[in-house]
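S.K.: Contents of coords_29.txt (compact mmCIF, C-alpha atoms and all ligand atoms) are given next:
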# COMPACT_ATOMS: atom_id res chain seq x y z
CA MET A 1 -44.29 -4.49 41.68
CA ASN A 2 -45.86 -4.29 38.25
CA PRO A 3 -48.58 -1.66 37.70
CA ILE A 4 -51.41 -4.18 37.81
CA GLU A 5 -50.24 -5.57 41.15
CA GLN A 6 -49.88 -1.99 42.38
CA SER A 7 -53.46 -1.23 41.38
CA LEU A 8 -54.66 -4.35 43.10
CA SER A 9 -53.13 -3.36 46.37
CA GLN A 10 -54.76 0.09 46.30
CA PHE A 11 -58.24 -0.90 45.16
CA GLY A 12 -58.39 -4.64 45.70
CA ALA A 13 -59.63 -6.91 48.42
CA ASP A 14 -56.56 -6.91 50.62
CA LYS A 15 -57.48 -3.63 52.31
CA MET A 16 -60.21 -5.36 54.27
CA PHE A 17 -57.52 -7.22 56.23
CA ARG A 18 -56.76 -3.87 57.86
CA HIS A 19 -60.08 -4.38 59.67
CA LEU A 20 -59.49 -7.74 61.26
CA ASP A 21 -61.85 -6.97 64.14
CA ARG A 22 -64.74 -6.70 61.69
CA LEU A 23 -63.63 -9.78 59.78
CA ALA A 24 -63.42 -11.80 62.99
CA ASP A 25 -66.95 -10.69 63.93
CA TRP A 26 -68.23 -11.70 60.50
CA GLN A 27 -66.42 -15.04 60.71
CA ASN A 28 -68.04 -15.64 64.09
CA GLY A 29 -71.53 -15.05 62.77
CA ARG A 30 -71.97 -11.50 64.01
CA TRP A 31 -72.75 -8.56 61.76
CA PRO A 32 -70.36 -5.69 62.51
CA PHE A 33 -71.00 -2.07 61.62
CA PRO A 34 -69.47 -0.99 58.30
CA VAL A 35 -66.03 0.54 57.90
CA THR A 36 -67.08 2.97 55.17
CA VAL A 37 -70.38 4.58 54.32
CA GLU A 38 -71.13 6.34 51.07
CA LEU A 39 -73.34 9.35 51.67
CA ASP A 40 -75.22 10.51 48.59
CA LEU A 41 -76.52 13.91 49.51
CA THR A 42 -78.51 14.56 46.35
CA ASN A 43 -79.73 12.84 43.23
CA ALA A 44 -79.61 16.12 41.28
CA CYS A 45 -76.75 16.59 38.87
CA ASN A 46 -75.43 19.36 36.64
CA HIS A 47 -74.00 16.93 34.03
CA HIS A 48 -75.71 14.63 31.56
CA CYS A 49 -73.47 11.60 31.23
CA PRO A 50 -75.27 9.32 28.79
CA ASP A 51 -73.89 6.23 30.52
CA CYS A 52 -74.44 7.37 34.12
CA SER A 53 -75.40 4.31 36.07
CA PHE A 54 -77.69 6.41 38.25
CA SER A 55 -79.62 8.28 35.58
CA TYR A 56 -82.71 6.27 36.56
CA LEU A 57 -82.60 7.94 39.99
CA ARG A 58 -82.98 11.37 38.45
CA SER A 59 -85.97 10.27 36.43
CA GLN A 60 -87.53 9.10 39.74
CA SER A 61 -86.73 12.23 41.75
CA LYS A 62 -84.13 14.85 42.51
CA GLU A 63 -84.26 14.30 46.25
CA SER A 64 -81.69 15.57 48.74
CA ILE A 65 -81.01 14.69 52.36
CA PRO A 66 -82.23 17.53 54.61
CA GLY A 67 -79.26 19.27 56.28
CA PRO A 68 -80.21 18.49 59.92
CA LEU A 69 -80.73 14.81 59.07
CA ALA A 70 -77.36 14.65 57.27
CA MET A 71 -75.68 16.00 60.41
CA SER A 72 -77.54 13.60 62.65
CA LEU A 73 -76.62 10.68 60.38
CA LEU A 74 -72.94 11.53 60.61
CA ALA A 75 -73.13 11.55 64.39
CA GLN A 76 -74.95 8.20 64.36
CA LEU A 77 -72.39 6.66 62.01
CA SER A 78 -69.55 7.85 64.17
CA ASP A 79 -71.25 6.38 67.25
CA CYS A 80 -71.37 3.04 65.44
CA GLY A 81 -67.64 3.11 64.76
CA VAL A 82 -67.83 3.92 61.05
CA LYS A 83 -64.40 5.12 60.03
CA ALA A 84 -64.87 6.92 56.74
CA ILE A 85 -67.52 8.71 54.70
CA THR A 86 -67.41 8.95 50.93
CA PHE A 87 -69.42 11.87 49.61
CA SER A 88 -70.65 10.81 46.19
CA GLY A 89 -73.89 10.25 44.28
CA GLY A 90 -76.60 9.48 43.26
CA GLY A 91 -76.17 12.82 41.65
CA GLU A 92 -73.39 15.37 41.99
CA PRO A 93 -72.52 15.98 45.66
CA LEU A 94 -71.46 19.58 45.11
CA VAL A 95 -74.85 20.47 43.62
CA TYR A 96 -75.99 20.08 47.25
CA GLY A 97 -73.90 23.22 47.85
CA VAL A 98 -70.15 23.53 48.28
CA ASP A 99 -70.49 25.24 51.66
CA ARG A 100 -72.97 22.64 52.91
CA VAL A 101 -70.67 19.78 51.92
CA LEU A 102 -67.69 21.48 53.53
CA ARG A 103 -69.70 21.93 56.72
CA LEU A 104 -70.54 18.21 56.77
CA MET A 105 -66.91 17.30 56.13
CA ARG A 106 -65.80 19.50 59.03
CA LEU A 107 -68.29 17.61 61.16
CA CYS A 108 -66.78 14.30 59.97
CA ARG A 109 -63.37 15.57 61.03
CA ASP A 110 -64.70 16.66 64.43
CA LEU A 111 -66.33 13.26 64.89
CA GLY A 112 -63.07 11.49 64.05
CA MET A 113 -64.14 10.08 60.68
CA ASP A 114 -62.22 10.41 57.43
CA ALA A 115 -63.94 12.02 54.44
CA ALA A 116 -63.53 11.64 50.69
CA LEU A 117 -65.18 13.23 47.69
CA ILE A 118 -66.16 11.85 44.29
CA THR A 119 -67.25 14.70 42.03
CA ASN A 120 -67.57 15.72 38.43
CA GLY A 121 -65.41 18.73 39.28
CA GLN A 122 -67.73 21.40 37.87
CA ARG A 123 -68.18 23.06 41.27
CA LEU A 124 -64.87 22.11 42.79
CA THR A 125 -64.24 25.69 43.75
CA SER A 126 -62.80 25.45 47.25
CA ASP A 127 -59.34 24.25 48.17
CA GLU A 128 -60.57 23.49 51.67
CA PHE A 129 -61.44 20.02 50.36
CA LEU A 130 -57.71 19.36 50.38
CA SER A 131 -57.49 19.74 54.12
CA LEU A 132 -60.78 18.01 54.92
CA CYS A 133 -60.57 14.97 52.65
CA SER A 134 -58.28 11.97 52.54
CA TRP A 135 -58.83 11.86 48.80
CA VAL A 136 -60.72 13.68 46.08
CA ARG A 137 -61.49 11.96 42.81
CA VAL A 138 -62.78 13.87 39.83
CA SER A 139 -64.72 11.76 37.35
CA LEU A 140 -63.16 13.31 34.28
CA ASP A 141 -63.69 10.59 31.66
CA ALA A 142 -62.28 12.95 29.03
CA TYR A 143 -59.09 14.39 27.61
CA ASP A 144 -60.52 17.06 25.31
CA GLU A 145 -63.74 18.87 24.46
CA ALA A 146 -64.99 16.07 22.20
CA THR A 147 -64.47 13.26 24.69
CA PHE A 148 -66.03 15.41 27.42
CA ALA A 149 -69.13 15.94 25.26
CA ARG A 150 -69.23 12.18 24.66
CA SER A 151 -68.83 11.08 28.27
CA HIS A 152 -70.44 13.92 30.27
CA GLY A 153 -72.73 15.48 27.68
CA GLY A 154 -70.99 18.78 28.50
CA SER A 155 -70.06 21.90 26.53
CA PRO A 156 -66.48 23.00 25.73
CA ASP A 157 -66.85 25.77 28.35
CA GLN A 158 -67.81 23.22 30.98
CA PHE A 159 -64.83 21.06 30.08
CA HIS A 160 -62.41 24.00 30.47
CA GLU A 161 -64.05 24.97 33.77
CA VAL A 162 -63.56 21.46 35.17
CA ILE A 163 -59.94 21.41 34.03
CA ALA A 164 -59.31 24.86 35.51
CA ASN A 165 -60.76 23.73 38.84
CA LEU A 166 -58.65 20.61 38.76
CA ARG A 167 -55.43 22.43 37.86
CA ARG A 168 -56.03 25.01 40.58
CA MET A 169 -56.71 22.37 43.20
CA CYS A 170 -53.68 20.30 42.17
CA ALA A 171 -51.47 23.38 42.30
CA ALA A 172 -52.78 24.11 45.80
CA ALA A 173 -52.08 20.47 46.72
CA LEU A 174 -48.48 20.87 45.64
CA TRP A 175 -48.08 23.90 47.89
CA ARG A 176 -49.62 22.08 50.82
CA LYS A 177 -47.32 19.11 50.33
CA ARG A 178 -44.28 21.37 50.04
CA ASP A 179 -45.29 22.96 53.35
CA SER A 180 -45.81 19.47 54.87
CA LEU A 181 -49.51 20.23 55.49
CA PRO A 182 -52.06 17.42 55.47
CA CYS A 183 -53.37 17.10 51.96
CA ALA A 184 -55.88 14.97 50.09
CA THR A 185 -54.70 12.67 47.35
CA VAL A 186 -56.18 14.06 44.14
CA GLY A 187 -56.99 11.74 41.28
CA VAL A 188 -59.09 11.58 38.17
CA GLY A 189 -61.28 8.69 37.09
CA PHE A 190 -61.75 7.54 33.55
CA LEU A 191 -64.48 5.06 32.62
CA THR A 192 -63.66 2.91 29.64
CA ASN A 193 -65.66 0.64 27.39
CA GLU A 194 -64.91 -1.48 24.34
CA ARG A 195 -64.56 1.63 22.19
CA SER A 196 -61.70 2.83 24.36
CA VAL A 197 -59.30 0.28 22.90
CA TYR A 198 -59.83 1.45 19.35
CA GLU A 199 -60.02 5.14 20.14
CA SER A 200 -56.76 5.15 22.12
CA ASP A 201 -58.61 6.45 25.16
CA PHE A 202 -56.21 4.78 27.59
CA TYR A 203 -53.19 6.41 26.02
CA GLU A 204 -54.72 9.83 25.39
CA ALA A 205 -56.30 10.00 28.83
CA ALA A 206 -52.96 9.27 30.49
CA ARG A 207 -51.12 11.70 28.21
CA PHE A 208 -53.56 14.48 29.10
CA ALA A 209 -53.77 13.74 32.83
CA ALA A 210 -49.97 13.71 33.04
CA THR A 211 -50.01 17.42 32.10
CA ILE A 212 -51.90 18.35 35.28
CA ASP A 213 -49.19 19.30 37.76
CA GLY A 214 -49.80 17.92 41.22
CA LEU A 215 -52.34 15.31 40.12
CA ASP A 216 -51.55 12.10 41.98
CA TYR A 217 -53.16 9.51 39.76
CA LEU A 218 -55.43 8.57 36.92
CA GLN A 219 -57.59 5.51 37.45
CA PHE A 220 -59.27 3.51 34.69
CA ARG A 221 -62.43 1.61 35.51
CA PRO A 222 -64.86 -0.20 33.24
CA ALA A 223 -68.23 1.42 32.63
CA ILE A 224 -70.91 -0.93 33.84
CA THR A 225 -74.66 -0.95 33.88
CA ASN A 226 -76.36 -1.13 37.20
CA GLY A 227 -77.44 -4.42 35.72
CA VAL A 228 -80.85 -4.45 37.23
CA ALA A 229 -82.56 -1.12 37.06
CA ASP A 230 -81.66 0.19 33.65
CA PRO A 231 -81.03 -2.48 31.07
CA THR A 232 -80.80 0.21 28.39
CA CYS A 233 -77.72 1.87 29.92
CA CYS A 234 -75.45 1.88 26.91
CA GLY A 235 -72.06 2.09 28.61
CA GLY A 236 -72.24 -1.26 30.20
CA MET A 237 -72.23 -4.96 29.67
CA ARG A 238 -75.06 -7.43 29.68
CA LYS A 239 -72.82 -10.45 29.17
CA PRO A 240 -69.12 -11.11 29.61
CA LEU A 241 -66.83 -9.73 26.93
CA PRO A 242 -64.56 -11.98 24.88
CA LYS A 243 -61.25 -12.45 26.69
CA PRO A 244 -59.17 -11.07 23.77
CA THR A 245 -61.11 -7.79 24.05
CA VAL A 246 -60.25 -7.51 27.73
CA ASP A 247 -56.64 -8.47 27.00
CA ARG A 248 -56.50 -5.59 24.54
CA MET A 249 -57.68 -3.28 27.33
CA PHE A 250 -54.92 -4.52 29.64
CA ASP A 251 -52.39 -4.02 26.83
CA ALA A 252 -53.70 -0.52 26.14
CA TYR A 253 -53.45 0.24 29.84
CA GLN A 254 -49.89 -1.12 30.05
CA GLU A 255 -48.80 0.99 27.11
CA ALA A 256 -50.37 4.13 28.59
CA SER A 257 -48.91 3.45 32.01
CA GLU A 258 -45.40 2.68 30.79
CA ARG A 259 -45.34 5.88 28.72
CA TRP A 260 -46.98 8.40 31.04
CA ALA A 261 -46.69 7.26 34.67
CA ARG A 262 -44.02 8.99 36.75
CA ASP A 263 -42.91 8.69 40.34
CA ASP A 264 -45.32 11.47 41.28
CA PHE A 265 -48.14 10.50 38.89
CA ARG A 266 -49.55 6.97 38.88
CA VAL A 267 -51.62 5.42 36.14
CA LEU A 268 -53.88 2.79 37.70
CA LEU A 269 -56.69 0.51 36.76
CA SER A 270 -59.21 -1.54 38.70
CA ALA A 271 -57.61 -4.77 37.55
CA ASP A 272 -60.06 -7.03 39.33
CA LYS A 273 -63.01 -5.43 37.54
CA TYR A 274 -61.41 -5.77 34.10
CA ASP A 275 -60.49 -9.32 34.93
CA ALA A 276 -64.09 -10.11 35.90
CA MET A 277 -65.40 -8.73 32.62
CA TRP A 278 -64.56 -11.80 30.54
CA ARG A 279 -65.16 -14.55 33.09
CA PRO A 280 -68.27 -16.71 33.04
CA GLU A 281 -70.81 -15.19 35.45
CA PHE A 282 -68.45 -12.20 35.59
CA GLY A 283 -66.19 -14.17 37.90
CA ARG A 284 -68.89 -14.52 40.53
CA THR A 285 -68.02 -17.60 42.51
CA TYR A 286 -70.31 -16.53 45.34
CA SER A 287 -74.06 -16.41 45.70
CA ASN A 288 -74.15 -14.07 48.69
CA CYS A 289 -72.75 -10.60 49.08
CA HIS A 290 -70.54 -11.62 52.01
CA GLY A 291 -68.69 -8.30 52.06
CA SER A 292 -71.72 -6.13 52.53
CA PHE A 293 -70.82 -5.69 56.23
CA LEU A 294 -67.80 -3.66 55.09
CA GLN A 295 -69.70 -0.75 53.58
CA ALA A 296 -73.15 0.70 52.90
CA THR A 297 -74.75 3.55 51.04
CA ILE A 298 -77.17 6.16 52.28
CA GLY A 299 -79.15 7.47 49.33
CA ALA A 300 -80.49 10.96 48.78
CA ASP A 301 -83.92 9.51 49.55
CA CYS A 302 -82.61 9.00 53.12
CA ARG A 303 -82.80 5.23 52.75
CA LEU A 304 -80.04 2.82 53.65
CA TYR A 305 -78.89 0.53 50.85
CA ILE A 306 -76.76 -2.58 50.85
CA CYS A 307 -74.42 -0.85 48.39
CA CYS A 308 -74.36 2.05 45.95
CA HIS A 309 -75.59 -0.10 43.07
CA GLY A 310 -78.94 -0.82 44.69
CA GLN A 311 -80.08 2.74 45.16
CA GLY A 312 -83.72 3.48 44.60
CA ARG A 313 -84.60 -0.21 44.62
CA ASN A 314 -86.68 -1.76 47.39
CA GLU A 315 -84.96 -5.15 47.05
CA PHE A 316 -81.63 -3.54 48.03
CA CYS A 317 -83.02 -1.24 50.71
CA LEU A 318 -82.11 -2.08 54.32
CA GLY A 319 -84.23 0.59 55.99
CA ASP A 320 -85.47 4.15 56.01
CA LEU A 321 -83.32 6.56 58.03
CA LYS A 322 -86.07 9.14 58.21
CA ASP A 323 -87.86 6.78 60.59
CA GLN A 324 -85.10 4.62 62.05
CA ARG A 325 -81.71 5.16 63.53
CA PHE A 326 -78.82 3.80 61.51
CA SER A 327 -77.96 1.14 64.12
CA GLU A 328 -81.57 -0.05 64.19
CA ALA A 329 -81.86 -0.26 60.39
CA TRP A 330 -78.47 -2.00 60.08
CA HIS A 331 -79.50 -4.86 62.36
CA SER A 332 -83.18 -5.00 61.45
CA ASP A 333 -85.03 -8.09 60.25
CA ARG A 334 -85.60 -6.35 56.97
CA ALA A 335 -81.85 -5.81 56.51
CA ARG A 336 -81.16 -9.44 57.33
CA ASN A 337 -83.76 -10.58 54.82
CA VAL A 338 -82.44 -8.31 52.10
CA ARG A 339 -78.89 -9.55 52.61
CA ARG A 340 -80.09 -13.14 52.53
CA SER A 341 -82.28 -12.73 49.48
CA ILE A 342 -79.81 -11.00 47.17
CA ASN A 343 -78.02 -13.46 44.95
CA PRO A 344 -75.29 -11.49 43.18
CA GLN A 345 -75.26 -13.93 40.28
CA ARG A 346 -78.90 -13.19 39.59
CA HIS A 347 -79.62 -9.72 40.92
CA CYS A 348 -76.48 -7.63 40.79
CA THR A 349 -74.55 -5.49 38.37
CA PRO A 350 -71.37 -7.11 37.03
CA CYS A 351 -67.96 -5.91 38.23
CA CYS A 352 -69.56 -4.29 41.25
CA ARG A 353 -67.98 -2.54 44.17
CA LEU A 354 -67.51 -5.59 46.40
CA HIS A 355 -66.59 -8.17 43.79
CA PRO A 356 -62.95 -8.66 44.88
CA GLN A 357 -63.89 -8.81 48.56
CA ASN A 358 -66.67 -11.31 47.86
CA VAL A 359 -64.31 -13.62 45.97
CA VAL A 360 -61.93 -13.71 48.92
CA LEU A 361 -64.63 -13.99 51.59
CA GLU A 362 -66.28 -16.86 49.71
CA LYS A 363 -62.97 -18.72 49.91
CA ILE A 364 -62.81 -18.06 53.64
CA ARG A 365 -66.39 -19.33 54.03
CA GLN A 366 -65.80 -22.55 52.13
CA PRO A 367 -64.55 -25.54 54.14
CA THR A 368 -61.04 -26.56 53.34
CA THR A 369 -59.10 -29.75 54.01
CA HIS A 370 -56.59 -29.92 56.87
CA GLU A 371 -57.14 -26.30 57.69
CA ALA A 372 -54.87 -26.42 60.74
CA PHE A 373 -51.92 -27.09 58.44
CA ILE A 374 -50.73 -23.83 56.94
C1 LIG B 1 -72.69 8.44 39.86
S1 LIG B 1 -71.20 9.26 40.18
C2 LIG B 1 -71.71 10.48 41.39
C3 LIG B 1 -70.62 11.47 41.73
C4 LIG B 1 -70.31 12.49 40.68
N1 LIG B 1 -71.45 13.00 40.04
C5 LIG B 1 -69.34 11.92 39.69
O1 LIG B 1 -69.70 11.71 38.53
O2 LIG B 1 -68.20 11.69 40.11
C6 LIG B 1 -70.32 8.16 41.24
C7 LIG B 1 -69.33 7.30 40.50
O3 LIG B 1 -70.06 6.47 39.62
C8 LIG B 1 -69.31 6.33 38.44
N2 LIG B 1 -70.18 5.92 37.36
C9 LIG B 1 -71.16 6.58 36.77
N3 LIG B 1 -71.72 5.86 35.77
C10 LIG B 1 -71.05 4.70 35.73
C11 LIG B 1 -71.13 3.51 34.92
N4 LIG B 1 -72.03 3.38 33.95
N5 LIG B 1 -70.25 2.53 35.18
C12 LIG B 1 -69.34 2.62 36.17
N6 LIG B 1 -69.23 3.68 36.97
C13 LIG B 1 -70.07 4.72 36.76
C14 LIG B 1 -68.71 7.71 38.25
O4 LIG B 1 -67.57 7.64 37.40
C15 LIG B 1 -68.34 8.07 39.65
O5 LIG B 1 -67.05 7.60 39.94
S1 LIG B 2 -71.68 13.65 36.75
FE1 LIG B 2 -71.86 11.80 38.01
S2 LIG B 2 -74.00 11.73 38.68
FE2 LIG B 2 -73.86 13.29 37.09
S3 LIG B 2 -74.52 12.26 35.26
FE3 LIG B 2 -72.28 12.09 35.35
S4 LIG B 2 -71.78 10.20 36.45
FE4 LIG B 2 -73.95 10.67 36.76
S1 LIG B 3 -72.76 -8.17 45.11
FE1 LIG B 3 -72.20 -6.12 44.47
S2 LIG B 3 -74.05 -5.21 43.58
FE2 LIG B 3 -74.64 -7.02 44.78
S3 LIG B 3 -75.17 -6.23 46.78
FE3 LIG B 3 -73.03 -6.82 46.86
S4 LIG B 3 -71.88 -4.95 46.36
FE4 LIG B 3 -74.00 -4.66 45.75
Translate the structure of the given file into structure tokens.
M.R.:
Amino acid sequence: MNPIEQSLSQFGADKMFRHLDRLADWQNGRWPFPVTVELDLTNACNHHCPDCSFSYLRSQSKESIPGPLAMSLLAQLSDCGVKAITFSGGGEPLVYGVDRVLRLMRLCRDLGMDAALITNGQRLTSDEFLSLCSWVRVSLDAYDEATFARSHGGSPDQFHEVIANLRRMCAAALWRKRDSLPCATVGVGFLTNERSVYESDFYEAARFAATIDGLDYLQFRPAITNGVADPTCCGGMRKPLPKPTVDRMFDAYQEASERWARDDFRVLLSADKYDAMWRPEFGRTYSNCHGSFLQATIGADCRLYICCHGQGRNEFCLGDLKDQRFSEAWHSDRARNVRRSINPQRHCTPCCRLHPQNVVLEKIRQPTTHEAFI
């Protein structure tokens, strides 16, 4: 399998076919509960990434989900058959408090749900995340002090602190794996933009990440705007890029991967998102977010959103979990109306979370000739 195909199978649409029960419900006109829910505990953050797609949330408020409500939400989600919780943001989940997040993850485990963490790594101070999470991804977006200042607005000391946390956690992961103990996959994320091709970011990021013993992977993803709420977000795209620019990104990725990937360290990219970047309408062949039954986001304002990209926006809000139970909000008239009214081609950020799933589900929805003949 070439590296792009490999990336597709880890982050692409095919994973949803592991949840055929949900797909069958959707196909039959029912609206199943989601497989995964992103829980954004706080909008506060200790970094200042200039291109953060959620910076507008912090200018609105630095809300957090009250502890008792967070615990109750986890129990409700488990009752609805949700299988996994991603702790992310919004802001930085560990600003909520490392011990508080660990407590919630232990509750996930006790309720039979998987947990995962997306963090900037600044407060990644406990190795217990390795035993409680299926995966931990550190949004590094840097390979030295200068690139860290550029991407996270952070000081050299902060950069070295993040790297020290990451190295310590990866070393602990190696020990756990050697002792055959359950252990989270640990990866780093790297957001790229057009500059990345000229500044060798792909290559340098892979070269640096390959020096972190025990790190499982580095994943490249394109920086995007949220497309609706903050048109000034400078990391993203307002219109598709020229195809040759995207081809250069694929080439840069290939070069980095061929040089630095090893059996125990993968260099990945969200191929479907890069591919969508140059296509007319960003490859959106669908005018409904069909896949929104697969996942949802609970924001730090305790509201339920159709996906992470819609946070803080009424048009994307399915309900308020301060006043409603999750199951009630999920199947409410309001939720139905929101899902019906969102046209991804008009309202949504490009290269969004559910783009690959929506492409496939649109094909399933469309009538086809002689469908009984395979
Ligand atoms: C907003 S962050 C919250 C969690 C944590 N603070 C962090 O940075 O990992 C969640 C995810 O959004 C990604 N993200 C932030 N700004 C983005 C942008 N402009 N385009 C694409 N992804 C972005 C981050 O890389 C991270 O993977
Ligand atoms: S660390 Fe995460 S939430 Fe904080 S500014 Fe950066 S991308 Fe945004
Ligand atoms: S199309 Fe994308 S941005 Fe729009 S609602 Fe669906 S997941 Fe969210």
S.K.: Per residue of chain A within 10 Å of ligand LIG 2 (chain B), what are the shortest atom pair and its distance in Å to one decimal, counting all atoms listed in the file, with rows by chain and residue number, as JSON lines?
M.R.:
{"residue": "A:Thr42", "atom": "CA", "partner": "B:LIG2", "partner_atom": "S2", "distance": 9.3}
{"residue": "A:Asn43", "atom": "CA", "partner": "B:LIG2", "partner_atom": "S2", "distance": 7.4}
{"residue": "A:Ala44", "atom": "CA", "partner": "B:LIG2", "partner_atom": "S2", "distance": 7.6}
{"residue": "A:Cys45", "atom": "CA", "partner": "B:LIG2", "partner_atom": "FE2", "distance": 4.7}
{"residue": "A:Asn46", "atom": "CA", "partner": "B:LIG2", "partner_atom": "FE2", "distance": 6.3}
{"residue": "A:His47", "atom": "CA", "partner": "B:LIG2", "partner_atom": "FE2", "distance": 4.8}
{"residue": "A:His48", "atom": "CA", "partner": "B:LIG2", "partner_atom": "S3", "distance": 4.6}
{"residue": "A:Cys49", "atom": "CA", "partner": "B:LIG2", "partner_atom": "S3", "distance": 4.2}
{"residue": "A:Pro50", "atom": "CA", "partner": "B:LIG2", "partner_atom": "S3", "distance": 7.1}
{"residue": "A:Asp51", "atom": "CA", "partner": "B:LIG2", "partner_atom": "S4", "distance": 7.4}
{"residue": "A:Cys52", "atom": "CA", "partner": "B:LIG2", "partner_atom": "FE4", "distance": 4.3}
{"residue": "A:Ser53", "atom": "CA", "partner": "B:LIG2", "partner_atom": "FE4", "distance": 6.6}
{"residue": "A:Phe54", "atom": "CA", "partner": "B:LIG2", "partner_atom": "FE4", "distance": 5.9}
{"residue": "A:Ser55", "atom": "CA", "partner": "B:LIG2", "partner_atom": "FE4", "distance": 6.3}
{"residue": "A:Tyr56", "atom": "CA", "partner": "B:LIG2", "partner_atom": "FE4", "distance": 9.8}
{"residue": "A:Leu57", "atom": "CA", "partner": "B:LIG2", "partner_atom": "S2", "distance": 9.5}
{"residue": "A:Arg58", "atom": "CA", "partner": "B:LIG2", "partner_atom": "S2", "distance": 9.0}
{"residue": "A:Ser88", "atom": "CA", "partner": "B:LIG2", "partner_atom": "S2", "distance": 8.3}
{"residue": "A:Gly89", "atom": "CA", "partner": "B:LIG2", "partner_atom": "S2", "distance": 5.8}
{"residue": "A:Gly90", "atom": "CA", "partner": "B:LIG2", "partner_atom": "S2", "distance": 5.7}
{"residue": "A:Gly91", "atom": "CA", "partner": "B:LIG2", "partner_atom": "S2", "distance": 3.8}
{"residue": "A:Glu92", "atom": "CA", "partner": "B:LIG2", "partner_atom": "S2", "distance": 5.0}
{"residue": "A:Pro93", "atom": "CA", "partner": "B:LIG2", "partner_atom": "S2", "distance": 8.3}
{"residue": "A:Val95", "atom": "CA", "partner": "B:LIG2", "partner_atom": "FE2", "distance": 9.8}
{"residue": "A:Ile118", "atom": "CA", "partner": "B:LIG2", "partner_atom": "FE1", "distance": 8.5}
{"residue": "A:Thr119", "atom": "CA", "partner": "B:LIG2", "partner_atom": "FE1", "distance": 6.8}
{"residue": "A:Asn120", "atom": "CA", "partner": "B:LIG2", "partner_atom": "S1", "distance": 4.9}
{"residue": "A:Gly121", "atom": "CA", "partner": "B:LIG2", "partner_atom": "S1", "distance": 8.5}
{"residue": "A:Gln122", "atom": "CA", "partner": "B:LIG2", "partner_atom": "S1", "distance": 8.8}
{"residue": "A:Val138", "atom": "CA", "partner": "B:LIG2", "partner_atom": "S1", "distance": 9.4}
{"residue": "A:Ser139", "atom": "CA", "partner": "B:LIG2", "partner_atom": "FE1", "distance": 7.2}
{"residue": "A:Leu140", "atom": "CA", "partner": "B:LIG2", "partner_atom": "S1", "distance": 8.9}
{"residue": "A:Asp141", "atom": "CA", "partner": "B:LIG2", "partner_atom": "S4", "distance": 9.4}
{"residue": "A:Ser151", "atom": "CA", "partner": "B:LIG2", "partner_atom": "FE3", "distance": 7.9}
{"residue": "A:His152", "atom": "CA", "partner": "B:LIG2", "partner_atom": "FE3", "distance": 5.7}
{"residue": "A:Gly153", "atom": "CA", "partner": "B:LIG2", "partner_atom": "FE3", "distance": 8.4}
{"residue": "A:Gly154", "atom": "CA", "partner": "B:LIG2", "partner_atom": "FE3", "distance": 9.7}
{"residue": "A:Leu191", "atom": "CA", "partner": "B:LIG2", "partner_atom": "S4", "distance": 9.7}
S.K.: Please, could you write that set of residues out with C-alpha atoms as a tab-separated table (two decimals), in the coordinates of the input?
M.R.:
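Contents of out_10.tsv, as written:
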chain	number	residue	atom	x	y	z
A	42	THR	CA	-78.51	14.56	46.35
A	43	ASN	CA	-79.73	12.84	43.23
A	44	ALA	CA	-79.61	16.12	41.28
A	45	CYS	CA	-76.75	16.59	38.87
A	46	ASN	CA	-75.43	19.36	36.64
A	47	HIS	CA	-74.00	16.93	34.03
A	48	HIS	CA	-75.71	14.63	31.56
A	49	CYS	CA	-73.47	11.60	31.23
A	50	PRO	CA	-75.27	9.32	28.79
A	51	ASP	CA	-73.89	6.23	30.52
A	52	CYS	CA	-74.44	7.37	34.12
A	53	SER	CA	-75.40	4.31	36.07
A	54	PHE	CA	-77.69	6.41	38.25
A	55	SER	CA	-79.62	8.28	35.58
A	56	TYR	CA	-82.71	6.27	36.56
A	57	LEU	CA	-82.60	7.94	39.99
A	58	ARG	CA	-82.98	11.37	38.45
A	88	SER	CA	-70.65	10.81	46.19
A	89	GLY	CA	-73.89	10.25	44.28
A	90	GLY	CA	-76.60	9.48	43.26
A	91	GLY	CA	-76.17	12.82	41.65
A	92	GLU	CA	-73.39	15.37	41.99
A	93	PRO	CA	-72.52	15.98	45.66
A	95	VAL	CA	-74.85	20.47	43.62
A	118	ILE	CA	-66.16	11.85	44.29
A	119	THR	CA	-67.25	14.70	42.03
A	120	ASN	CA	-67.57	15.72	38.43
A	121	GLY	CA	-65.41	18.73	39.28
A	122	GLN	CA	-67.73	21.40	37.87
A	138	VAL	CA	-62.78	13.87	39.83
A	139	SER	CA	-64.72	11.76	37.35
A	140	LEU	CA	-63.16	13.31	34.28
A	141	ASP	CA	-63.69	10.59	31.66
A	151	SER	CA	-68.83	11.08	28.27
A	152	HIS	CA	-70.44	13.92	30.27
A	153	GLY	CA	-72.73	15.48	27.68
A	154	GLY	CA	-70.99	18.78	28.50
A	191	LEU	CA	-64.48	5.06	32.62
S.K.: One decimal, Å: what's the distance from atom CA of A:Met71 over to atom CA of A:Met105, could you say?
M.R.: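 Computed distance, atom CA of A:Met71 to atom CA of A:Met105, equals 9.8 Å.
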S.K.: Residues contacting ligand LIG 3 (chain B) - anything with an atom at most 9 Å away, using only C-alpha atoms and all ligand atoms - can you give me those as a PyMOL selection string?
M.R.: chain A and resi 226-227+284+286-292+295-296+305-310+316+339+342-345+347-355+358
S.K.: I need the residue nearest A:Thr192 from this list: A:Pro222, A:Ala164, A:Pro156, A:Ala206. Use all atoms listed in the file for the distance.
M.R.: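 Under the stated criterion, the closest residue is A:Pro222.
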S.K.: Quick one: distance from atom CA of A:Lys15 to atom CA of A:Glu315 in Å, one decimal?
M.R.: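 So the answer is 28.0 Å.
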